[in-house]
>>> print(open('data-v4.pdb').read())   # PDB, C-alpha atoms
MODEL        1
ATOM      1  CA  GLY G1350     -21.596 -14.155  -6.129  1.00  0.00           C
ATOM      2  CA  ILE G1351     -21.190 -11.642  -3.365  1.00  0.00           C
ATOM      3  CA  GLN G1352     -24.181  -9.441  -2.578  1.00  0.00           C
ATOM      4  CA  VAL G1353     -23.584  -5.935  -1.222  1.00  0.00           C
ATOM      5  CA  GLU G1354     -26.303  -3.878   0.416  1.00  0.00           C
ATOM      6  CA  GLN G1355     -25.961  -0.278   1.514  1.00  0.00           C
ATOM      7  CA  SER G1356     -28.102   1.828   3.796  1.00  0.00           C
ATOM      8  CA  PRO G1357     -29.592   4.330   3.902  1.00  0.00           C
ATOM      9  CA  PRO G1358     -30.169   4.904   0.165  1.00  0.00           C
ATOM     10  CA  ASP G1359     -30.513   8.658   0.675  1.00  0.00           C
ATOM     11  CA  LEU G1360     -29.360  11.032   3.364  1.00  0.00           C
ATOM     12  CA  ILE G1361     -29.791  14.773   3.782  1.00  0.00           C
ATOM     13  CA  LEU G1362     -27.673  16.510   6.401  1.00  0.00           C
ATOM     14  CA  GLN G1363     -27.059  20.026   7.526  1.00  0.00           C
ATOM     15  CA  GLU G1364     -23.469  21.182   7.406  1.00  0.00           C
ATOM     16  CA  GLY G1365     -21.672  20.203  10.587  1.00  0.00           C
ATOM     17  CA  ALA G1366     -23.725  17.073  11.266  1.00  0.00           C
ATOM     18  CA  ASN G1367     -22.301  13.570  11.628  1.00  0.00           C
ATOM     19  CA  SER G1368     -23.467  10.455   9.800  1.00  0.00           C
ATOM     20  CA  THR G1369     -22.931   6.707   9.602  1.00  0.00           C
ATOM     21  CA  LEU G1370     -23.279   4.745   6.380  1.00  0.00           C
ATOM     22  CA  ARG G1371     -23.610   0.972   6.493  1.00  0.00           C
ATOM     23  CA  CYS G1372     -22.541  -1.759   4.105  1.00  0.00           C
ATOM     24  CA  ASN G1373     -23.564  -5.416   4.526  1.00  0.00           C
ATOM     25  CA  PHE G1374     -22.028  -8.162   2.418  1.00  0.00           C
ATOM     26  CA  SER G1375     -23.174 -11.719   1.964  1.00  0.00           C
ATOM     27  CA  ASP G1376     -19.967 -13.746   1.990  1.00  0.00           C
ATOM     28  CA  SER G1377     -16.450 -13.712   3.357  1.00  0.00           C
ATOM     29  CA  VAL G1378     -14.414 -11.054   1.625  1.00  0.00           C
ATOM     30  CA  ASN G1379     -10.767 -10.092   1.585  1.00  0.00           C
ATOM     31  CA  ASN G1380     -11.259  -6.890  -0.355  1.00  0.00           C
ATOM     32  CA  LEU G1381     -13.551  -4.131   0.922  1.00  0.00           C
ATOM     33  CA  GLN G1382     -13.335  -0.563  -0.341  1.00  0.00           C
ATOM     34  CA  TRP G1383     -15.288   2.656   0.078  1.00  0.00           C
ATOM     35  CA  PHE G1384     -15.577   5.228  -2.719  1.00  0.00           C
ATOM     36  CA  HIS G1385     -17.054   8.685  -3.104  1.00  0.00           C
ATOM     37  CA  GLN G1386     -18.496   9.670  -6.477  1.00  0.00           C
ATOM     38  CA  ASN G1387     -18.683  13.446  -6.772  1.00  0.00           C
ATOM     39  CA  PRO G1388     -21.351  15.289  -8.789  1.00  0.00           C
ATOM     40  CA  TRP G1389     -19.020  15.265 -11.807  1.00  0.00           C
ATOM     41  CA  GLY G1390     -18.898  11.466 -11.803  1.00  0.00           C
ATOM     42  CA  GLN G1391     -15.371  11.014 -10.503  1.00  0.00           C
ATOM     43  CA  LEU G1392     -14.933   7.988  -8.219  1.00  0.00           C
ATOM     44  CA  ILE G1393     -12.460   8.591  -5.417  1.00  0.00           C
ATOM     45  CA  ASN G1394     -11.091   5.808  -3.267  1.00  0.00           C
ATOM     46  CA  LEU G1395     -11.664   6.620   0.394  1.00  0.00           C
ATOM     47  CA  PHE G1396     -10.595   3.445   2.157  1.00  0.00           C
ATOM     48  CA  TYR G1397      -9.237   0.006   1.440  1.00  0.00           C
ATOM     49  CA  ILE G1398     -10.424  -1.762   4.579  1.00  0.00           C
ATOM     50  CA  PRO G1399     -10.984  -5.544   4.461  1.00  0.00           C
ATOM     51  CA  SER G1400     -10.885  -5.534   8.275  1.00  0.00           C
ATOM     52  CA  GLY G1401     -10.236  -3.212  11.199  1.00  0.00           C
ATOM     53  CA  THR G1402     -10.537   0.534  11.529  1.00  0.00           C
ATOM     54  CA  LYS G1403      -8.943   3.386   9.598  1.00  0.00           C
ATOM     55  CA  GLN G1404      -9.235   7.141   9.833  1.00  0.00           C
ATOM     56  CA  ASN G1405      -8.515   9.871   7.325  1.00  0.00           C
ATOM     57  CA  GLY G1406      -9.356  13.347   8.556  1.00  0.00           C
ATOM     58  CA  ARG G1407     -13.084  13.668   9.147  1.00  0.00           C
ATOM     59  CA  LEU G1408     -13.724  10.238   7.666  1.00  0.00           C
ATOM     60  CA  SER G1409     -13.256   6.891   9.326  1.00  0.00           C
ATOM     61  CA  ALA G1410     -14.260   3.347   8.485  1.00  0.00           C
ATOM     62  CA  THR G1411     -14.639   0.090  10.338  1.00  0.00           C
ATOM     63  CA  THR G1412     -15.047  -3.377   8.878  1.00  0.00           C
ATOM     64  CA  VAL G1413     -16.108  -6.340  11.019  1.00  0.00           C
ATOM     65  CA  ALA G1414     -15.381  -9.143   8.601  1.00  0.00           C
ATOM     66  CA  THR G1415     -16.696 -11.912  10.866  1.00  0.00           C
ATOM     67  CA  GLU G1416     -20.100 -10.193  11.003  1.00  0.00           C
ATOM     68  CA  ARG G1417     -19.995  -9.155   7.346  1.00  0.00           C
ATOM     69  CA  TYR G1418     -20.495  -5.427   7.596  1.00  0.00           C
ATOM     70  CA  SER G1419     -18.595  -2.203   7.239  1.00  0.00           C
ATOM     71  CA  LEU G1420     -19.377   1.310   8.452  1.00  0.00           C
ATOM     72  CA  LEU G1421     -18.276   4.660   7.084  1.00  0.00           C
ATOM     73  CA  TYR G1422     -18.391   7.599   9.492  1.00  0.00           C
ATOM     74  CA  ILE G1423     -18.477  11.189   8.302  1.00  0.00           C
ATOM     75  CA  SER G1424     -18.025  13.814  10.981  1.00  0.00           C
ATOM     76  CA  SER G1425     -18.626  17.558  10.753  1.00  0.00           C
ATOM     77  CA  SER G1426     -20.000  17.180   7.226  1.00  0.00           C
ATOM     78  CA  GLN G1427     -19.317  19.830   4.608  1.00  0.00           C
ATOM     79  CA  THR G1428     -21.124  20.640   1.370  1.00  0.00           C
ATOM     80  CA  THR G1429     -18.181  19.163  -0.528  1.00  0.00           C
ATOM     81  CA  ASP G1430     -19.035  15.787   1.028  1.00  0.00           C
ATOM     82  CA  SER G1431     -22.148  15.642  -1.147  1.00  0.00           C
ATOM     83  CA  GLY G1432     -22.310  12.874  -3.706  1.00  0.00           C
ATOM     84  CA  VAL G1433     -22.770   9.128  -3.715  1.00  0.00           C
ATOM     85  CA  TYR G1434     -20.852   6.815  -1.410  1.00  0.00           C
ATOM     86  CA  PHE G1435     -20.236   3.305  -2.651  1.00  0.00           C
ATOM     87  CA  CYS G1436     -19.098   0.237  -0.801  1.00  0.00           C
ATOM     88  CA  ALA G1437     -17.511  -2.509  -2.908  1.00  0.00           C
ATOM     89  CA  ALA G1438     -16.460  -6.003  -1.888  1.00  0.00           C
ATOM     90  CA  GLY G1439     -14.469  -8.821  -3.413  1.00  0.00           C
ATOM     91  CA  ALA G1440     -12.995 -12.220  -2.570  1.00  0.00           C
ATOM     92  CA  GLY G1441     -10.005 -14.178  -3.774  1.00  0.00           C
ATOM     93  CA  THR G1442      -6.936 -12.759  -5.407  1.00  0.00           C
ATOM     94  CA  ALA G1443      -8.533 -10.762  -8.205  1.00  0.00           C
ATOM     95  CA  SER G1444      -9.586  -7.124  -8.211  1.00  0.00           C
ATOM     96  CA  LYS G1445     -13.153  -7.920  -9.223  1.00  0.00           C
ATOM     97  CA  LEU G1446     -15.427  -5.889  -6.955  1.00  0.00           C
ATOM     98  CA  THR G1447     -19.172  -6.048  -6.463  1.00  0.00           C
ATOM     99  CA  PHE G1448     -20.548  -2.588  -5.798  1.00  0.00           C
ATOM    100  CA  GLY G1449     -23.519  -1.709  -3.644  1.00  0.00           C
ATOM    101  CA  THR G1450     -26.182   0.648  -4.952  1.00  0.00           C
ATOM    102  CA  GLY G1451     -24.727   3.524  -2.973  1.00  0.00           C
ATOM    103  CA  THR G1452     -25.849   6.098  -0.420  1.00  0.00           C
ATOM    104  CA  ARG G1453     -26.675   9.463  -1.939  1.00  0.00           C
ATOM    105  CA  LEU G1454     -25.629  12.187   0.512  1.00  0.00           C
ATOM    106  CA  GLN G1455     -26.684  15.799   0.270  1.00  0.00           C
ATOM    107  CA  VAL G1456     -25.177  18.285   2.706  1.00  0.00           C
ATOM    108  CA  THR G1457     -27.010  21.589   2.967  1.00  0.00           C
ATOM    109  CA  LEU G1458     -25.989  24.910   4.482  1.00  0.00           C
TER     110      LEU G1458
ATOM    111  CA  LYS V  64       2.215  10.985 -10.107  1.00  0.00           C
ATOM    112  CA  ALA V  65      -0.422  11.091 -12.826  1.00  0.00           C
ATOM    113  CA  GLY V  66      -3.722   9.368 -12.176  1.00  0.00           C
ATOM    114  CA  VAL V  67      -5.606   6.954 -14.379  1.00  0.00           C
ATOM    115  CA  THR V  68      -6.206   8.514 -17.782  1.00  0.00           C
ATOM    116  CA  GLN V  69      -9.123   7.545 -19.984  1.00  0.00           C
ATOM    117  CA  THR V  70      -9.738   8.667 -23.522  1.00  0.00           C
ATOM    118  CA  PRO V  71     -11.927   9.879 -25.000  1.00  0.00           C
ATOM    119  CA  ARG V  72     -14.089  11.574 -22.327  1.00  0.00           C
ATOM    120  CA  TYR V  73     -17.227  11.579 -24.466  1.00  0.00           C
ATOM    121  CA  LEU V  74     -18.281   9.504 -27.423  1.00  0.00           C
ATOM    122  CA  ILE V  75     -21.427   9.378 -29.530  1.00  0.00           C
ATOM    123  CA  LYS V  76     -21.943   6.349 -31.736  1.00  0.00           C
ATOM    124  CA  THR V  77     -24.738   4.863 -33.809  1.00  0.00           C
ATOM    125  CA  ARG V  78     -26.288   1.431 -33.257  1.00  0.00           C
ATOM    126  CA  GLY V  79     -24.338  -1.278 -35.004  1.00  0.00           C
ATOM    127  CA  GLN V  80     -21.019   0.548 -34.899  1.00  0.00           C
ATOM    128  CA  GLN V  81     -18.057  -0.478 -32.777  1.00  0.00           C
ATOM    129  CA  VAL V  82     -16.036   1.549 -30.328  1.00  0.00           C
ATOM    130  CA  THR V  83     -12.631   1.348 -28.644  1.00  0.00           C
ATOM    131  CA  LEU V  84     -11.910   3.001 -25.311  1.00  0.00           C
ATOM    132  CA  SER V  85      -8.430   3.547 -23.930  1.00  0.00           C
ATOM    133  CA  CYS V  86      -7.025   3.534 -20.411  1.00  0.00           C
ATOM    134  CA  SER V  87      -3.560   4.395 -19.112  1.00  0.00           C
ATOM    135  CA  PRO V  88      -3.063   3.212 -15.531  1.00  0.00           C
ATOM    136  CA  ILE V  89      -1.085   4.896 -12.793  1.00  0.00           C
ATOM    137  CA  SER V  90       2.611   4.371 -13.387  1.00  0.00           C
ATOM    138  CA  GLY V  91       3.714   1.091 -11.844  1.00  0.00           C
ATOM    139  CA  HIS V  92       0.224  -0.345 -11.554  1.00  0.00           C
ATOM    140  CA  ARG V  93      -0.093  -3.717 -13.234  1.00  0.00           C
ATOM    141  CA  SER V  94      -3.776  -4.505 -12.740  1.00  0.00           C
ATOM    142  CA  VAL V  95      -6.412  -2.775 -14.853  1.00  0.00           C
ATOM    143  CA  SER V  96     -10.159  -3.284 -14.415  1.00  0.00           C
ATOM    144  CA  TRP V  97     -13.118  -1.999 -16.395  1.00  0.00           C
ATOM    145  CA  TYR V  98     -16.576  -1.188 -15.027  1.00  0.00           C
ATOM    146  CA  GLN V  99     -19.825  -0.067 -16.609  1.00  0.00           C
ATOM    147  CA  GLN V 100     -22.078   2.372 -14.769  1.00  0.00           C
ATOM    148  CA  THR V 101     -25.710   2.890 -15.730  1.00  0.00           C
ATOM    149  CA  PRO V 102     -28.628   4.393 -13.785  1.00  0.00           C
ATOM    150  CA  GLY V 103     -30.510   1.098 -13.898  1.00  0.00           C
ATOM    151  CA  GLN V 104     -27.786  -1.455 -13.174  1.00  0.00           C
ATOM    152  CA  GLY V 105     -25.319   0.623 -11.184  1.00  0.00           C
ATOM    153  CA  LEU V 106     -21.629  -0.216 -11.293  1.00  0.00           C
ATOM    154  CA  GLN V 107     -20.898  -3.569 -12.879  1.00  0.00           C
ATOM    155  CA  PHE V 108     -17.578  -5.320 -13.383  1.00  0.00           C
ATOM    156  CA  LEU V 109     -16.604  -5.966 -16.982  1.00  0.00           C
ATOM    157  CA  PHE V 110     -13.145  -7.528 -16.838  1.00  0.00           C
ATOM    158  CA  GLU V 111      -9.715  -7.352 -15.247  1.00  0.00           C
ATOM    159  CA  TYR V 112      -6.272  -7.646 -16.778  1.00  0.00           C
ATOM    160  CA  PHE V 113      -3.003  -8.369 -15.059  1.00  0.00           C
ATOM    161  CA  SER V 114       0.295  -8.701 -16.896  1.00  0.00           C
ATOM    162  CA  GLU V 115      -1.527  -8.801 -20.249  1.00  0.00           C
ATOM    163  CA  THR V 116      -3.758 -11.695 -19.150  1.00  0.00           C
ATOM    164  CA  GLN V 117      -7.481 -11.493 -18.532  1.00  0.00           C
ATOM    165  CA  ARG V 118      -7.936 -12.726 -14.976  1.00  0.00           C
ATOM    166  CA  ASN V 119     -11.651 -12.249 -14.579  1.00  0.00           C
ATOM    167  CA  LYS V 120     -14.679 -11.461 -16.700  1.00  0.00           C
ATOM    168  CA  GLY V 121     -18.099 -10.199 -15.674  1.00  0.00           C
ATOM    169  CA  ASN V 122     -21.473 -11.217 -17.040  1.00  0.00           C
ATOM    170  CA  PHE V 123     -21.402  -9.298 -20.289  1.00  0.00           C
ATOM    171  CA  PRO V 124     -21.911 -10.600 -23.840  1.00  0.00           C
ATOM    172  CA  GLY V 125     -18.982 -11.418 -26.065  1.00  0.00           C
ATOM    173  CA  ARG V 126     -19.432  -8.073 -27.843  1.00  0.00           C
ATOM    174  CA  PHE V 127     -17.450  -6.629 -24.950  1.00  0.00           C
ATOM    175  CA  SER V 128     -13.763  -7.412 -25.122  1.00  0.00           C
ATOM    176  CA  GLY V 129     -10.521  -5.973 -23.912  1.00  0.00           C
ATOM    177  CA  ARG V 130      -6.796  -6.318 -23.870  1.00  0.00           C
ATOM    178  CA  GLN V 131      -3.748  -5.109 -22.012  1.00  0.00           C
ATOM    179  CA  PHE V 132      -0.430  -4.170 -23.506  1.00  0.00           C
ATOM    180  CA  SER V 133       3.053  -4.787 -22.160  1.00  0.00           C
ATOM    181  CA  ASN V 134       3.162  -1.226 -20.742  1.00  0.00           C
ATOM    182  CA  SER V 135      -0.051  -2.006 -18.773  1.00  0.00           C
ATOM    183  CA  ARG V 136      -2.179   0.303 -20.912  1.00  0.00           C
ATOM    184  CA  SER V 137      -5.537  -1.232 -21.682  1.00  0.00           C
ATOM    185  CA  GLU V 138      -8.245  -0.950 -24.284  1.00  0.00           C
ATOM    186  CA  MET V 139     -11.792  -2.190 -24.294  1.00  0.00           C
ATOM    187  CA  ASN V 140     -13.837  -2.721 -27.420  1.00  0.00           C
ATOM    188  CA  VAL V 141     -17.580  -2.965 -27.869  1.00  0.00           C
ATOM    189  CA  SER V 142     -18.799  -4.280 -31.196  1.00  0.00           C
ATOM    190  CA  THR V 143     -22.270  -4.043 -32.745  1.00  0.00           C
ATOM    191  CA  LEU V 144     -23.347  -1.309 -30.352  1.00  0.00           C
ATOM    192  CA  GLU V 145     -26.850  -1.381 -28.876  1.00  0.00           C
ATOM    193  CA  LEU V 146     -28.820   1.443 -27.280  1.00  0.00           C
ATOM    194  CA  GLY V 147     -28.402  -0.261 -23.902  1.00  0.00           C
ATOM    195  CA  ASP V 148     -24.633   0.102 -24.129  1.00  0.00           C
ATOM    196  CA  SER V 149     -25.005   3.793 -23.391  1.00  0.00           C
ATOM    197  CA  ALA V 150     -23.178   4.204 -20.092  1.00  0.00           C
ATOM    198  CA  LEU V 151     -20.227   5.627 -18.235  1.00  0.00           C
ATOM    199  CA  TYR V 152     -17.279   3.271 -18.701  1.00  0.00           C
ATOM    200  CA  LEU V 153     -14.770   3.456 -15.904  1.00  0.00           C
ATOM    201  CA  CYS V 154     -11.260   2.118 -15.865  1.00  0.00           C
ATOM    202  CA  ALA V 155      -9.427   1.449 -12.614  1.00  0.00           C
ATOM    203  CA  SER V 156      -5.885   0.464 -11.845  1.00  0.00           C
ATOM    204  CA  SER V 157      -4.244  -1.065  -8.811  1.00  0.00           C
ATOM    205  CA  LEU V 158      -0.686  -1.943  -7.900  1.00  0.00           C
ATOM    206  CA  VAL V 159      -1.425  -5.648  -7.903  1.00  0.00           C
ATOM    207  CA  GLU V 160      -4.631  -7.619  -7.441  1.00  0.00           C
ATOM    208  CA  ALA V 161      -6.818  -7.009  -4.360  1.00  0.00           C
ATOM    209  CA  THR V 162      -5.264  -3.624  -3.511  1.00  0.00           C
ATOM    210  CA  PRO V 163      -6.883  -0.142  -3.569  1.00  0.00           C
ATOM    211  CA  LEU V 164      -8.546   0.662  -6.874  1.00  0.00           C
ATOM    212  CA  HIS V 165      -8.019   4.070  -8.421  1.00  0.00           C
ATOM    213  CA  PHE V 166     -10.496   5.130 -11.060  1.00  0.00           C
ATOM    214  CA  GLY V 167     -10.157   7.344 -14.093  1.00  0.00           C
ATOM    215  CA  ASN V 168     -12.712  10.019 -14.984  1.00  0.00           C
ATOM    216  CA  GLY V 169     -14.496   7.653 -17.318  1.00  0.00           C
ATOM    217  CA  THR V 170     -15.698   7.676 -20.907  1.00  0.00           C
ATOM    218  CA  ARG V 171     -19.332   8.556 -21.373  1.00  0.00           C
ATOM    219  CA  LEU V 172     -20.662   6.614 -24.347  1.00  0.00           C
ATOM    220  CA  THR V 173     -23.967   7.516 -25.950  1.00  0.00           C
ATOM    221  CA  VAL V 174     -25.423   5.175 -28.547  1.00  0.00           C
ATOM    222  CA  THR V 175     -28.126   6.628 -30.797  1.00  0.00           C
TER     223      THR V 175
ENDMDL
END
>>> encode(input="data-v4.pdb", output="structure tokens")
Amino acid sequence: GIQVEQSPPDLILQEGANSTLRCNFSDSVNNLQWFHQNPWGQLINLFYIPSGTKQNGRLSATTVATERYSLLYISSSQTTDSGVYFCAAGAGTASKLTFGTGTRLQVTL
Amino acid sequence: KAGVTQTPRYLIKTRGQQVTLSCSPISGHRSVSWYQQTPGQGLQFLFEYFSETQRNKGNFPGRFSGRQFSNSRSEMNVSTLELGDSALYLCASSLVEATPLHFGNGTRLTVT
């Protein structure tokens, strides 16, 4: 099956800093999504991005499917950005996703 | 539009018992998936239902089962509970397959 690796595993930032999170996947995928899990355990969908670039406010994501990686950019980080960021990938027509182990982000004042 | 609703939020069961978790997807969404999250194994896919049919199943024992009703609501059942089944069980819905997943708040199951 698909393998998904995320880096870095942990990240501590001061408020206002920028960061880049990376996701590598082992096979061709047609389903690539980024999620944020807040400290209360809620998983929020950030991007559905099997290829190309998308932006949503201070967040943007790029997936280069041919090179099997995706990047999540967080600019001007805020304390509310803290939590765990997951990348998840899938292939075929189903919604089965393989999740990476996540990047735990802590934003401090 | 209401999000994905999971009930109950918390559940405590004893080894050997069985449990049923419920999930109501976003209105209009036809695909429902279930995931298990544990500190050791992370987020793992359990199964997916689309139009009342199981389309995919993860690597879990047969004690884990599910179903989907004609209104797209879904239930998952775990029989003969083991301590290792303690986890956060997350339900997600999507419009159709391979589209953005939207997760519920989860059911936290503790097996004692």
>>> atom_distance(input="data-v4.pdb", atom1="atom CA of Leu84 of chain V", atom2="atom CA of Tyr152 of chain V")
8.5 Å
>>> resolve_selection(input="data-v4.pdb", expression="the ChimeraX specification (/G :<7) & /V", output="PyMOL selection string")
chain V and resi 105-106+108+111+160-161+163-166+168
>>> resolve_selection(input="data-v4.pdb", expression="the PyMOL selection byres ((chain V and resi 89) around 7)", output="ChimeraX atom specification")
/V:65-67,87-88,90-92,156
>>> atom_distance(input="data-v4.pdb", atom1="atom CA of Ile1351 of chain G", atom2="atom CA of Thr162 of chain V")
17.8 Å
>>> atom_distance(input="data-v4.pdb", atom1="atom CA of Asp148 of chain V", atom2="atom CA of Arg130 of chain V")
19.0 Å
>>> resolve_selection(input="data-v4.pdb", expression="the PyMOL selection byres ((chain G and resi 1361) around 12)", output="PDB file with C-alpha atoms, in the frame of the given file")
ATOM      1  CA  PRO G1357     -29.592   4.330   3.902  1.00  0.00           C
ATOM      2  CA  PRO G1358     -30.169   4.904   0.165  1.00  0.00           C
ATOM      3  CA  ASP G1359     -30.513   8.658   0.675  1.00  0.00           C
ATOM      4  CA  LEU G1360     -29.360  11.032   3.364  1.00  0.00           C
ATOM      5  CA  LEU G1362     -27.673  16.510   6.401  1.00  0.00           C
ATOM      6  CA  GLN G1363     -27.059  20.026   7.526  1.00  0.00           C
ATOM      7  CA  GLU G1364     -23.469  21.182   7.406  1.00  0.00           C
ATOM      8  CA  GLY G1365     -21.672  20.203  10.587  1.00  0.00           C
ATOM      9  CA  ALA G1366     -23.725  17.073  11.266  1.00  0.00           C
ATOM     10  CA  ASN G1367     -22.301  13.570  11.628  1.00  0.00           C
ATOM     11  CA  SER G1368     -23.467  10.455   9.800  1.00  0.00           C
ATOM     12  CA  SER G1426     -20.000  17.180   7.226  1.00  0.00           C
ATOM     13  CA  GLN G1427     -19.317  19.830   4.608  1.00  0.00           C
ATOM     14  CA  THR G1428     -21.124  20.640   1.370  1.00  0.00           C
ATOM     15  CA  ASP G1430     -19.035  15.787   1.028  1.00  0.00           C
ATOM     16  CA  SER G1431     -22.148  15.642  -1.147  1.00  0.00           C
ATOM     17  CA  GLY G1432     -22.310  12.874  -3.706  1.00  0.00           C
ATOM     18  CA  VAL G1433     -22.770   9.128  -3.715  1.00  0.00           C
ATOM     19  CA  THR G1452     -25.849   6.098  -0.420  1.00  0.00           C
ATOM     20  CA  ARG G1453     -26.675   9.463  -1.939  1.00  0.00           C
ATOM     21  CA  LEU G1454     -25.629  12.187   0.512  1.00  0.00           C
ATOM     22  CA  GLN G1455     -26.684  15.799   0.270  1.00  0.00           C
ATOM     23  CA  VAL G1456     -25.177  18.285   2.706  1.00  0.00           C
ATOM     24  CA  THR G1457     -27.010  21.589   2.967  1.00  0.00           C
ATOM     25  CA  LEU G1458     -25.989  24.910   4.482  1.00  0.00           C
TER      26      LEU G1458
END
>>> closest_residue(input="data-v4.pdb", among="V:Ala150, V:Val159, V:Val82, V:Leu74", to="Arg118 of chain V", atoms="only C-alpha atoms")
V:Val159
>>> residues_around(input="data-v4.pdb", residues="Gly1401 of chain G", least_positions_apart="3", cutoff="8 Å", atoms="all atoms listed in the file", output="PyMOL selection string")
chain G and resi 1398+1411-1413
>>> residues_around(input="data-v4.pdb", residues="Gln131 of chain V", least_positions_apart="2", cutoff="12 Å", atoms="all atoms listed in the file", output="ChimeraX atom specification")
/V:84-88,93-97,110-118,128-129,133-140,156
>>> axis_aligned_box(input="data-v4.pdb", around="segment 1366-1383 of chain G", padding_each_side="8 Å", output="lines of an AutoDock Vina configuration file")
center_x = -17.2
center_y = 1.7
center_z = 5.6
size_x = 29.0
size_y = 46.8
size_z = 28.0
>>> closest_residue(input="data-v4.pdb", among="G:Ser1424, G:Ser1356, G:Ser1409, G:Thr1429", to="Phe1374 of chain G", atoms="all atoms listed in the file")
G:Ser1356
>>> residues_near_point(input="data-v4.pdb", point="(-25.3, 3.0, 6.2)", cutoff="7 Å", atoms="all atoms listed in the file", output="list in words")
Gln1355, Ser1356, Pro1357, Thr1369, Leu1370, Arg1371, Cys1372 and Leu1420 of chain G
>>> residues_near_point(input="data-v4.pdb", point="(-25.4, 4.4, -25.0)", cutoff="12 Å", atoms="all atoms listed in the file", output="VMD selection string")
chain V and resid 73 to 82 99 to 102 141 143 to 152 170 to 175
>>> closest_residue(input="data-v4.pdb", among="V:Ser142, V:Gly167, V:Pro71, V:Thr83", to="Arg126 of chain V", atoms="all atoms listed in the file")
V:Ser142
>>> decode(input="data-v4.pdb", residues="segment 1425-1436 of chain G", atoms="N, CA, C and O atoms", output="PDB file, in the first residue's frame")
ATOM      1  N   SER G1425       2.989  33.696   8.886  1.00  0.00           N
ATOM      2  CA  SER G1425       2.570  34.531  10.028  1.00  0.00           C
ATOM      3  C   SER G1425       1.812  33.704  11.061  1.00  0.00           C
ATOM      4  O   SER G1425       0.659  33.995  11.402  1.00  0.00           O
ATOM      5  N   SER G1426       2.443  32.662  11.560  1.00  0.00           N
ATOM      6  CA  SER G1426       1.763  31.701  12.438  1.00  0.00           C
ATOM      7  C   SER G1426       1.167  32.370  13.674  1.00  0.00           C
ATOM      8  O   SER G1426       1.682  33.367  14.191  1.00  0.00           O
ATOM      9  N   GLN G1427       0.071  31.802  14.128  1.00  0.00           N
ATOM     10  CA  GLN G1427      -0.639  32.258  15.313  1.00  0.00           C
ATOM     11  C   GLN G1427      -0.769  31.096  16.285  1.00  0.00           C
ATOM     12  O   GLN G1427      -0.672  29.938  15.897  1.00  0.00           O
ATOM     13  N   THR G1428      -0.999  31.411  17.550  1.00  0.00           N
ATOM     14  CA  THR G1428      -1.099  30.353  18.565  1.00  0.00           C
ATOM     15  C   THR G1428      -2.218  29.372  18.233  1.00  0.00           C
ATOM     16  O   THR G1428      -2.135  28.191  18.561  1.00  0.00           O
ATOM     17  N   THR G1429      -3.241  29.855  17.549  1.00  0.00           N
ATOM     18  CA  THR G1429      -4.355  28.967  17.178  1.00  0.00           C
ATOM     19  C   THR G1429      -3.968  27.969  16.089  1.00  0.00           C
ATOM     20  O   THR G1429      -4.727  27.047  15.796  1.00  0.00           O
ATOM     21  N   ASP G1430      -2.787  28.147  15.495  1.00  0.00           N
ATOM     22  CA  ASP G1430      -2.307  27.178  14.503  1.00  0.00           C
ATOM     23  C   ASP G1430      -1.714  25.936  15.173  1.00  0.00           C
ATOM     24  O   ASP G1430      -1.419  24.943  14.499  1.00  0.00           O
ATOM     25  N   SER G1431      -1.528  25.986  16.465  1.00  0.00           N
ATOM     26  CA  SER G1431      -0.970  24.837  17.181  1.00  0.00           C
ATOM     27  C   SER G1431      -1.837  23.601  16.996  1.00  0.00           C
ATOM     28  O   SER G1431      -3.053  23.692  16.835  1.00  0.00           O
ATOM     29  N   GLY G1432      -1.174  22.452  17.046  1.00  0.00           N
ATOM     30  CA  GLY G1432      -1.883  21.189  16.865  1.00  0.00           C
ATOM     31  C   GLY G1432      -1.046  20.266  16.014  1.00  0.00           C
ATOM     32  O   GLY G1432       0.161  20.464  15.854  1.00  0.00           O
ATOM     33  N   VAL G1433      -1.686  19.253  15.466  1.00  0.00           N
ATOM     34  CA  VAL G1433      -0.983  18.289  14.624  1.00  0.00           C
ATOM     35  C   VAL G1433      -1.513  18.398  13.196  1.00  0.00           C
ATOM     36  O   VAL G1433      -2.728  18.418  12.978  1.00  0.00           O
ATOM     37  N   TYR G1434      -0.575  18.460  12.264  1.00  0.00           N
ATOM     38  CA  TYR G1434      -0.925  18.549  10.847  1.00  0.00           C
ATOM     39  C   TYR G1434      -0.673  17.200  10.195  1.00  0.00           C
ATOM     40  O   TYR G1434       0.424  16.655  10.286  1.00  0.00           O
ATOM     41  N   PHE G1435      -1.713  16.678   9.573  1.00  0.00           N
ATOM     42  CA  PHE G1435      -1.627  15.385   8.913  1.00  0.00           C
ATOM     43  C   PHE G1435      -1.746  15.538   7.404  1.00  0.00           C
ATOM     44  O   PHE G1435      -2.569  16.311   6.899  1.00  0.00           O
ATOM     45  N   CYS G1436      -0.950  14.754   6.713  1.00  0.00           N
ATOM     46  CA  CYS G1436      -1.081  14.584   5.281  1.00  0.00           C
ATOM     47  C   CYS G1436      -1.668  13.182   5.079  1.00  0.00           C
ATOM     48  O   CYS G1436      -1.313  12.245   5.803  1.00  0.00           O
TER      49      CYS G1436
END
